[in-house]
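Undergrad: Can you keep this structure in mind? I'll have questions shortly.
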Amino acid sequence: MTLSSRKRVDGGLRAILLLTAFVSLAAVILITLYLFSEGLPAFHTIPLGEFLFSSDWSPSAAEPHYGIAVFVEASLVVTVLALLLATPFSLSAAIYLALLSKGWKRDVIKTGVSLLAGIPSVIFGLFGISVIVPMVRIIWGGNGYSLLSAALILAIMIMPTIINVTEVSLASVDHTLHEASYGLGATRTQTIFKVIIPAARQGIVSAFLLGLGRAVGETTAVLLVGGNAPLAFHRLTDMGRTLTMNIVTDMGYAEGTHMQALFATAMLLYLCILVSNGLVVIIARRKQ
């Protein structure tokens, strides 16, 4: 093959790869345009203040109201609690995999984390119904279908994401920092918590933001164990309904303004995930 032929082949391959890369970008743009074109008209008839700060969601009433405050509250409670529950286990597992484990033990744990990441959310939901819900009922009372159950199952689901990204961040810390710390007389524990974790903090924060994005958008598992009741939050053992649960529950029969309100709810979720992903990109660039 001549030099000119190789250049043509390389140029054609570059063009094909560029085109395939733009497919993902085009998909995001089209989804964004469709979501906002369907959701923004809702605010022609629904006041923005009522939509965000009212807890009255009664789309089938003679005078319908579309307040999502109670769903926002439930989503915040479930997401924050899930992150609080997942954080110590995820960070501990990532530290062990990146810095302490070797050989077959590491391979077994890594395989388990990968399998956990690949389990469909409906399987997590069925596990929650069979195990988490009865456990919550016995230990904390209530009927077991609650925001606490949803947070527990969500914590399990987001752990693989946090573990994998955190492990990579910890493993990428320059080994000269390890050696310098040991050279100054620090123990392994002191080196991990005083040197390595601070050095990898930007990657660790990115991991938890990615876990946050996964938690905000999860639907099926929390729908099965959360109770799906549009009730105000008083106790963790109360049933509740998150934003995603409300969309799935009403989408089958919604029409008109009701449908537009659901798309507006999806817009809010989309913006939350967009912000969390944007923070990840900003943190990653600062690290560079």
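Every chain in the structure tokens has a letter given in the order shown (A, B, ...), and although residue numbers restart at 1 in each chain, ligands are simply numbered from 1 in the order shown.
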Would you kindly return, as a PyMOL selection string, each protein, DNA or RNA residue with an atom no farther than 7 Å from any atom of range 208-212 of chain A, considering only C-alpha atoms and excluding same-chain residues fewer than 3 positions away?

TA: chain A and resi 158+161-162+204-205+215-216+276-277+280

Undergrad: Could you pull out the helix (DSSP H, G or I) residues of range 3-95 of chain A, going by DSSP on the backbone, and write them as a PyMOL selection string?

TA: chain A and resi 3-44+48-53+69-95

Undergrad: Tell me which protein, DNA and RNA residues are within 9 Å of range 46-63 of chain A, counting only C-alpha atoms, leaving out same-chain ones fewer than 5 positions away, and put them as an MDAnalysis selection string.

TA: chainID A and resid 41 68:72 230:232 254 257:258 261

Undergrad: Using only C-alpha atoms, pick whichever of A:Met251, A:Gly118, A:Leu91, A:Met159 has the shortest atom-to-atom distance to Arg201 in chain A.

TA: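 Of A:Met251, A:Gly118, A:Leu91, A:Met159, the one nearest Arg201 in chain A, counting only C-alpha atoms, is A:Leu91.
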
Undergrad: Please identify every residue of range 51-102 of chain A that has at least one atom no farther than 12 Å from an atom of range 221-225 of chain A, counting only C-alpha atoms, and for each give the shortest atom pair and the distance in Å to one decimal, arranged by chain then increasing number, as a tab-separated table.

TA:
residue	atom	partner	partner_atom	distance
A:Ala74	CA	A:Val222	CA	11.0
A:Ser75	CA	A:Val222	CA	10.1
A:Val78	CA	A:Val222	CA	9.0
A:Thr79	CA	A:Val222	CA	10.6
A:Ala82	CA	A:Val222	CA	11.3

Undergrad: Could you tell me how far CA of Glu167 in chain A lies from CA of Thr87 in chain A, in Å and to one decimal?

TA: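 For CA of Glu167 in chain A relative to CA of Thr87 in chain A, the distance reads 13.2 Å.
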
Undergrad: When distances are computed from only C-alpha atoms, which of A:Leu177, A:Leu81, A:Leu262, A:Leu18 shows the smallest separation from Ser149 in chain A?

TA: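 Counting only C-alpha atoms, the residue closest to Ser149 in chain A is A:Leu81.
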
Undergrad: For Arg235 in chain A, which residue out of A:Met157, A:Met135, A:Leu268, A:Val77 is the nearest one, using only C-alpha atoms?

TA: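 Counting only C-alpha atoms, the residue closest to Arg235 in chain A is A:Val77.
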
Undergrad: Quick one: of A:Leu25, A:Gly67, A:Arg188, A:Lys7, who's nearest to Phe43 in chain A, counting only C-alpha atoms?

TA: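 Answer, going by the shortest atom-to-atom distance: A:Gly67.
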
Undergrad: Could you check the closest approach to Gly39 in chain A for each of A:Ala26, A:Ala171, A:Ala266, A:Leu236 and tell me which residue wins, using only C-alpha atoms?

TA: A:Ala266

Undergrad: Pick out each residue of range 10-252 of chain A that DSSP on the backbone tags as strand (DSSP E); I need them as a ChimeraX atom specification.

TA: /A:57-58,65-66

Undergrad: Can those selected residues be exported to a file as a short mmCIF file (atom, residue, chain, number, x, y, z; two decimals), in the first residue's frame so that it contains N, CA and C atoms?

TA:
data_model
loop_
_atom_site.label_atom_id
_atom_site.label_comp_id
_atom_site.auth_asym_id
_atom_site.auth_seq_id
_atom_site.Cartn_x
_atom_site.Cartn_y
_atom_site.Cartn_z
N TRP A 57 -50.83 17.31 44.57
CA TRP A 57 -50.81 16.67 43.26
C TRP A 57 -52.14 15.96 43.07
N SER A 58 -53.05 16.59 42.36
CA SER A 58 -54.39 16.02 42.15
C SER A 58 -54.81 16.27 40.71
N HIS A 65 -54.47 20.16 40.35
CA HIS A 65 -53.27 20.84 40.84
C HIS A 65 -52.07 19.93 40.58
N TYR A 66 -50.93 20.55 40.33
CA TYR A 66 -49.75 19.79 39.96
C TYR A 66 -48.53 20.25 40.78
#

Undergrad: Which residue is closest to Thr237 in chain A? Choose from A:Leu147, A:Leu40, A:Leu116, A:Val131 and count only C-alpha atoms.

TA: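 Going through A:Leu147, A:Leu40, A:Leu116, A:Val131 one by one, the smallest distance to Thr237 in chain A is for A:Leu147.
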
Undergrad: For a test of reading the model, state the distance in Å between CA of Gly203 in chain A and CA of Thr191 in chain A, rounded to one decimal.

TA: 17.7 Å

Undergrad: Could you jot down the CA of Ser121 in chain A to CA of Thr220 in chain A separation for me, Å, one decimal place?

TA: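 Answer for the CA of Ser121 in chain A to CA of Thr220 in chain A separation: 6.1 Å.
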
Undergrad: Which residues come within 8 Å of Leu97 in chain A, counting only C-alpha atoms, excluding same-chain residues fewer than 2 positions away, as a list in words?

TA: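 So, after excluding close chain neighbours, the residues are Ala93, Ala94, Ile95, Leu99, Leu100, Ser101, Lys102, Arg106, Ile109, Lys110 and Glu167 of chain A.
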